[in-house]
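So the structure is just underneath, and the comments pick up after that.
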Amino acid sequence: MFKTPKSLRLQIGLFGRTNVGKSTFLNYIANQNVSITSSVPGTTTDVVEKAMELLPIGPVLFLDTAGIDDKSEIASLRLEKTGNVFERSDVFVLIIEPGVWGDYEEKIFKESLKQKTPVIIVVNKVDIKRPDDEFINKIEKYSKHILVISCNDKSNQDYVMHEFKRRVISVMPSDFLTPLPIIGDLIPRGGIAILIVPIDKEAPKGRIILPQVQTIRDALDNDQMTITVKESEYKNALGKLKKNPDLVVCDSQVVDKMVAATPKGVKCTTFSILFARIKGDLVGMVKAASAMHKLVDGDRILISESCSHHPIEDDIGRVKIPRWLKEYIGKDILFDSCAGRDFPDDLKKYKLIIQCGGCMITRREVLARIEKAKAQNIPITNYGVSISLMQGVLKNVLSPFPEAMDVLDN
């Protein structure tokens with residue numbers, strides 16, 4: 001977090017009139033006193049920069065600017081620096097008060113169009129006055145990404161944080177959503193990974209499924225070698241190597257067999273867990289898996305698939321995971337499922353969400369689902385994490401990921 005250069009951080013510019021609450025908003029999001037706040041207009045005399053880790057987005061830099069309507073003696077100097085921030089910002093956050101939209105707000109919006117920069121509108125101070133429907137409809141013409149809040153409401157801070165992050169994820173440039181390598185950073189150049197690929201009923205005829213294809217390509221791009229086998233040939237493959245592989249990756253459905261056959265000291269994981277890392281938030285999904293132990297009879301779980309395949313008789317998401325989970329916790333649990341991009345807005349009836357690897361949707365979409373769930377205080381985990389936990393091998397398959405291991409150990 002501290003080593004990431006400013007130039008590589010997502011830069012979020014905070015704009016608005018004097019005393020509208022820009023600095024208060026920054027303190028609210030950062031959960032610490034970064035900017036000096038005061039009821040006296042023009043307290044912010046220079047651009048205040050705050051570098052922080054905004055998970056699961058990553059390293060960001062907030063730029064708290066002087067009020068665009070500043071009329072003090074040194075206003076021109078302040079506004080010149082605010083103008084420089086227009087060109088730096090990857091995302092504009094325009095903070096306004098309920099019912100207030102005039103020439104100053106128009107100026108910010110026109111600048112966003114000039115810079116081709118997305119805008120999030122934050123309607124602050126709603127504890128003093130609530131915006132009416134007419135005003136909301138008016139500002140929706142400028143941006144669909146609107147957040148209505150009061151920075152004085154500390155009880156709602158977590159919800160606001162997640163809703164703000166969800167909006168940032170939806171508008172941030174794709175450059176900042178570039179995923180990690182799949183296995184390229186987990187084994188050395190010239191290293192060997194064994195990929196265990198079951199050929200089951202859901203494998204497309206004449207092909208293997210997308211995560212497996214992408215993993216092979218990632219290894220090739222990083223000058224690494226892969227040996228691809230079915231689960232029945234895994235031990236045979238190990239016997240033909242002069243030394244142990246650097247990594248073993250399997251389909252989650254055979255994770256218990258893979259772990260049992262893997263030599264001690266060899267790191268291993270599953271395709272689904274690899275994709276939890278590159279598409280979402282592996283550490284958060286490991287934390288969320290603990291919710292499985294708190295389930296009681298009648299609780300409802302959402303199985304979230306990202307592809308729209310026709311489910312087969314023994315479908316992993318709709319049949320196997322529900323069966324395994326009921327056996328694991330011994331409770332009568334209810335299950336719903338969604339497929340493709342049909343992710344529900346209202347998640348409050350669920351005690352847990354189990355998301356697939358997400359190979360068919362973008363990282364932006366997976367992160368948006370995570371933040372939507374967190375905003376409603378619903379834990380969201382992943383196929384590979386949950387299956388490995390139920391099979392008693394989660395610690396084994398997290399061995400390549402120290403941060404996730406720390407969460408599990410604690």
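Ordering of the structure tokens sets the chain letters (A, B, ...), residue numbers begin anew at 1 in every chain, and ligands are numbered from 1 in the order given.
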
Nearby residues (only C-alpha atoms) at most 12 Å from Leu389 (chain A), same-chain spacing under 5 positions excluded, as a list in words: Ser252, Val255, Asp256, Ile273, Met285, Val286, Lys287, Ala288, Ala289, Ser290, Ala291, Met292, His293, Ile321, Trp324, Leu325, Tyr328, Ile329, Thr381, Asn382, Tyr383, Gly384, Leu394, Lys395, Asn396, Val397, Leu398 and Leu408 of chain A

Please produce a file of the residues just selected, as a CSV table (one decimal), in the first residue's frame, where the atoms kept are N, CA and C atoms.
chain,number,residue,atom,x,y,z
A,252,SER,N,-12.4,-28.4,-8.6
A,252,SER,CA,-12.8,-28.5,-7.2
A,252,SER,C,-13.5,-29.8,-6.9
A,255,VAL,N,-10.9,-32.3,-5.5
A,255,VAL,CA,-9.9,-31.7,-4.6
A,255,VAL,C,-9.4,-32.6,-3.5
A,256,ASP,N,-10.3,-33.4,-2.9
A,256,ASP,CA,-9.9,-34.3,-1.9
A,256,ASP,C,-9.0,-35.4,-2.4
A,273,ILE,N,-10.4,-21.4,-7.0
A,273,ILE,CA,-9.7,-20.6,-6.1
A,273,ILE,C,-8.8,-19.6,-6.8
A,285,MET,N,-13.3,-13.9,0.6
A,285,MET,CA,-14.1,-15.1,0.4
A,285,MET,C,-13.8,-16.2,1.4
A,286,VAL,N,-12.5,-16.2,1.8
A,286,VAL,CA,-12.1,-17.2,2.8
A,286,VAL,C,-12.7,-16.8,4.1
A,287,LYS,N,-12.7,-15.5,4.4
A,287,LYS,CA,-13.4,-15.0,5.7
A,287,LYS,C,-14.9,-15.3,5.6
A,288,ALA,N,-15.5,-15.1,4.5
A,288,ALA,CA,-17.0,-15.3,4.4
A,288,ALA,C,-17.4,-16.8,4.5
A,289,ALA,N,-16.4,-17.7,4.2
A,289,ALA,CA,-16.8,-19.1,4.3
A,289,ALA,C,-17.1,-19.5,5.7
A,290,SER,N,-16.6,-18.8,6.7
A,290,SER,CA,-16.9,-19.1,8.1
A,290,SER,C,-18.4,-19.1,8.4
A,291,ALA,N,-19.2,-18.3,7.6
A,291,ALA,CA,-20.6,-18.2,7.7
A,291,ALA,C,-21.3,-19.6,7.6
A,292,MET,N,-20.7,-20.5,6.9
A,292,MET,CA,-21.2,-21.9,6.7
A,292,MET,C,-21.5,-22.5,8.1
A,293,HIS,N,-20.6,-22.2,9.1
A,293,HIS,CA,-20.7,-22.9,10.4
A,293,HIS,C,-21.8,-22.3,11.2
A,321,ILE,N,-23.1,-28.9,-4.7
A,321,ILE,CA,-22.8,-28.0,-3.6
A,321,ILE,C,-24.0,-28.1,-2.6
A,324,TRP,N,-23.7,-31.4,-0.7
A,324,TRP,CA,-22.5,-31.5,0.1
A,324,TRP,C,-22.7,-30.6,1.4
A,325,LEU,N,-23.2,-29.4,1.2
A,325,LEU,CA,-23.4,-28.5,2.3
A,325,LEU,C,-24.4,-29.0,3.3
A,328,TYR,N,-22.6,-31.6,5.2
A,328,TYR,CA,-21.5,-31.0,6.0
A,328,TYR,C,-22.0,-30.4,7.3
A,329,ILE,N,-23.1,-29.6,7.3
A,329,ILE,CA,-23.5,-29.0,8.5
A,329,ILE,C,-24.7,-29.7,9.1
A,381,THR,N,-18.9,-16.1,-0.6
A,381,THR,CA,-17.7,-16.9,-0.8
A,381,THR,C,-17.7,-17.5,-2.2
A,382,ASN,N,-17.0,-18.5,-2.4
A,382,ASN,CA,-16.7,-19.0,-3.8
A,382,ASN,C,-16.8,-20.5,-3.8
A,383,TYR,N,-17.1,-21.1,-5.0
A,383,TYR,CA,-17.3,-22.5,-5.2
A,383,TYR,C,-16.1,-23.3,-4.6
A,384,GLY,N,-14.9,-22.9,-5.1
A,384,GLY,CA,-13.6,-23.6,-4.7
A,384,GLY,C,-13.4,-23.5,-3.2
A,394,LEU,N,-9.1,-27.2,3.0
A,394,LEU,CA,-9.0,-25.7,2.6
A,394,LEU,C,-7.6,-25.2,2.9
A,395,LYS,N,-7.0,-25.7,4.0
A,395,LYS,CA,-5.7,-25.2,4.3
A,395,LYS,C,-4.6,-25.7,3.3
A,396,ASN,N,-4.8,-26.9,2.8
A,396,ASN,CA,-3.9,-27.4,1.7
A,396,ASN,C,-4.0,-26.5,0.5
A,397,VAL,N,-5.2,-26.2,0.0
A,397,VAL,CA,-5.3,-25.5,-1.3
A,397,VAL,C,-5.1,-24.0,-1.2
A,398,LEU,N,-4.9,-23.5,0.0
A,398,LEU,CA,-4.6,-22.1,0.2
A,398,LEU,C,-3.1,-21.9,0.4
A,408,LEU,N,-7.2,-17.8,7.5
A,408,LEU,CA,-7.6,-19.1,7.9
A,408,LEU,C,-7.0,-19.5,9.3

DSSP-assigned strand (DSSP E) among region 61-163 of chain A, expressed as a PyMOL selection string: chain A and resi 61-64+91-96+119-123+146-148

As a PyMOL selection string, please: the residues near region 51-54 of chain A (cut-off 9 Å, only C-alpha atoms, same-chain neighbours under 5 positions excluded). chain A and resi 1-2+6+9+30+59-62+165

Show which residues sit within 9 Å of region 338-343 of chain A, as a PDB file with C-alpha atoms, in the first residue's frame. Count only C-alpha atoms, and ignore same-chain residues fewer than 3 positions away.
ATOM      1  CA  LEU A 302     -27.865 -18.122  -3.124  1.00  0.00           C
ATOM      2  CA  ILE A 303     -25.810 -20.121  -5.618  1.00  0.00           C
ATOM      3  CA  SER A 304     -24.522 -17.526  -8.086  1.00  0.00           C
ATOM      4  CA  GLU A 305     -23.418 -18.861 -11.468  1.00  0.00           C
ATOM      5  CA  SER A 306     -21.906 -16.607 -14.096  1.00  0.00           C
ATOM      6  CA  CYS A 307     -22.601 -18.676 -17.186  1.00  0.00           C
ATOM      7  CA  SER A 308     -25.960 -19.651 -18.635  1.00  0.00           C
ATOM      8  CA  HIS A 309     -25.318 -23.333 -19.389  1.00  0.00           C
ATOM      9  CA  MET A 360     -17.526 -15.860 -17.998  1.00  0.00           C
ATOM     10  CA  ILE A 361     -17.881 -12.350 -16.551  1.00  0.00           C
ATOM     11  CA  GLU A 365     -18.822  -7.534 -12.455  1.00  0.00           C
ATOM     12  CA  ARG A 369     -21.383  -8.430  -6.760  1.00  0.00           C
TER      13      ARG A 369
END

Closest to Asp315 (chain A) among A:Gln253, A:Asn222, A:Glu233, A:Lys294, using only C-alpha atoms? A:Gln253

If you count only C-alpha atoms, which residues fall within 10 Å of Thr226 (chain A), apart from same-chain ones fewer than 4 positions away, as number ranges by chain? A: 190-195, 215-217, 219-220, 245, 247-248

Restrict the selected residues to N, CA and C atoms and save them as a CSV table (one decimal), in the first residue's frame.
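File written: part_27.csv
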chain,number,residue,atom,x,y,z
A,190,GLY,N,10.1,-21.2,-16.1
A,190,GLY,CA,10.6,-22.6,-16.4
A,190,GLY,C,10.1,-23.6,-15.5
A,191,GLY,N,9.2,-23.2,-14.5
A,191,GLY,CA,8.6,-24.2,-13.6
A,191,GLY,C,7.5,-25.0,-14.2
A,192,ILE,N,7.1,-26.0,-13.5
A,192,ILE,CA,6.1,-27.0,-14.0
A,192,ILE,C,4.9,-27.0,-13.1
A,193,ALA,N,3.7,-26.9,-13.7
A,193,ALA,CA,2.4,-27.1,-13.0
A,193,ALA,C,1.7,-28.3,-13.6
A,194,ILE,N,1.2,-29.1,-12.7
A,194,ILE,CA,0.3,-30.2,-13.2
A,194,ILE,C,-1.2,-29.7,-13.1
A,195,LEU,N,-1.9,-29.8,-14.1
A,195,LEU,CA,-3.3,-29.4,-14.2
A,195,LEU,C,-4.2,-30.7,-14.2
A,215,THR,N,-5.6,-20.9,-18.0
A,215,THR,CA,-4.5,-21.3,-17.1
A,215,THR,C,-3.3,-21.8,-18.0
A,216,ILE,N,-3.6,-22.6,-18.9
A,216,ILE,CA,-2.5,-23.1,-19.8
A,216,ILE,C,-1.9,-21.9,-20.6
A,217,ARG,N,-2.7,-21.0,-21.1
A,217,ARG,CA,-2.2,-19.9,-21.9
A,217,ARG,C,-1.4,-19.0,-20.9
A,219,ALA,N,0.4,-19.8,-18.4
A,219,ALA,CA,1.7,-20.5,-18.1
A,219,ALA,C,2.6,-20.3,-19.3
A,220,LEU,N,2.0,-20.4,-20.5
A,220,LEU,CA,2.8,-20.2,-21.8
A,220,LEU,C,3.3,-18.8,-21.8
A,245,PRO,N,6.5,-31.3,-9.0
A,245,PRO,CA,6.1,-30.1,-9.7
A,245,PRO,C,6.1,-28.9,-8.8
A,247,LEU,N,3.6,-26.7,-8.7
A,247,LEU,CA,2.3,-26.4,-8.3
A,247,LEU,C,1.4,-27.4,-9.0
A,248,VAL,N,0.3,-27.8,-8.2
A,248,VAL,CA,-0.7,-28.7,-8.8
A,248,VAL,C,-2.1,-27.9,-8.7

Spatial neighbours of region 85-94 of chain A, 8 Å, only C-alpha atoms, chain gap at least 2 places, as an MDAnalysis selection string: chainID A and resid 10:16 63 65 81:83 96 105 108 111:112 115 117:122 168 171:173

Can you list, as a VMD selection string, all residues belonging to region 119-209 of chain A that DSSP tags as alpha helix (DSSP H)? chain A and resid 133 to 140 157 to 171

With only C-alpha atoms as the counted atoms, please give the residues lying no more than 10 Å from Met161 (chain A), apart from itself and same-chain residues fewer than 2 positions off, as number ranges by chain. A: 28-31, 54, 156-159, 163-166, 371, 374-375

Write the residues of the preceding selection, restricted to N, CA and C atoms, as a CSV table (one decimal), in the first residue's frame.
chain,number,residue,atom,x,y,z
A,28,TYR,N,-14.7,10.5,6.2
A,28,TYR,CA,-15.8,9.5,6.4
A,28,TYR,C,-15.4,8.2,5.7
A,29,ILE,N,-14.9,8.3,4.4
A,29,ILE,CA,-14.5,7.2,3.7
A,29,ILE,C,-13.2,6.6,4.2
A,30,ALA,N,-12.3,7.4,4.6
A,30,ALA,CA,-11.0,7.0,5.1
A,30,ALA,C,-11.1,6.5,6.5
A,31,ASN,N,-12.2,6.8,7.2
A,31,ASN,CA,-12.4,6.5,8.6
A,31,ASN,C,-11.2,7.0,9.5
A,54,LEU,N,-8.2,0.8,-1.0
A,54,LEU,CA,-9.7,0.7,-1.0
A,54,LEU,C,-10.1,-0.6,-1.5
A,156,ASN,N,-24.3,4.3,9.7
A,156,ASN,CA,-24.5,3.8,8.3
A,156,ASN,C,-23.2,3.8,7.5
A,157,GLN,N,-22.1,3.9,8.2
A,157,GLN,CA,-20.8,4.2,7.6
A,157,GLN,C,-20.4,3.0,6.7
A,158,ASP,N,-20.5,1.7,7.2
A,158,ASP,CA,-20.1,0.6,6.5
A,158,ASP,C,-20.9,0.4,5.2
A,159,TYR,N,-22.2,0.7,5.3
A,159,TYR,CA,-23.1,0.6,4.1
A,159,TYR,C,-22.7,1.6,3.0
A,163,GLU,N,-21.4,1.0,-0.8
A,163,GLU,CA,-22.1,1.5,-1.9
A,163,GLU,C,-21.2,2.5,-2.7
A,164,PHE,N,-20.3,3.2,-2.0
A,164,PHE,CA,-19.4,4.1,-2.8
A,164,PHE,C,-18.4,3.3,-3.6
A,165,LYS,N,-17.9,2.2,-3.0
A,165,LYS,CA,-16.9,1.4,-3.7
A,165,LYS,C,-17.6,0.7,-4.9
A,166,ARG,N,-18.9,0.3,-4.7
A,166,ARG,CA,-19.6,-0.3,-5.9
A,166,ARG,C,-19.7,0.7,-7.0
A,371,GLU,N,-19.3,-6.2,-3.6
A,371,GLU,CA,-19.7,-5.0,-2.9
A,371,GLU,C,-21.2,-4.9,-2.6
A,374,LYS,N,-21.7,-7.1,0.4
A,374,LYS,CA,-21.2,-6.5,1.6
A,374,LYS,C,-22.1,-5.3,2.1
A,375,ALA,N,-22.6,-4.5,1.1
A,375,ALA,CA,-23.4,-3.4,1.5
A,375,ALA,C,-24.7,-3.9,2.3

Which residue is closest to Asp406 (chain A)? Choose from A:Gly284, A:Pro131, A:Pro379, A:Gly298 and count only C-alpha atoms.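 Smallest separation from Asp406 (chain A) among the options: A:Gly284.
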
Nearest to Cys359 (chain A) by atom-to-atom distance, counting only C-alpha atoms, from A:Gln376, A:Gln212, A:Ser399, A:Thr228: A:Gln212

What's the separation between CA of Asp153 (chain A) and CA of Lys50 (chain A), in Å to one decimal place?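 Between these atoms lies a distance of 21.9 Å.
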
For CA of Lys125 (chain A) and CA of Ile95 (chain A), the interatomic separation in Å (one decimal): 10.0 Å
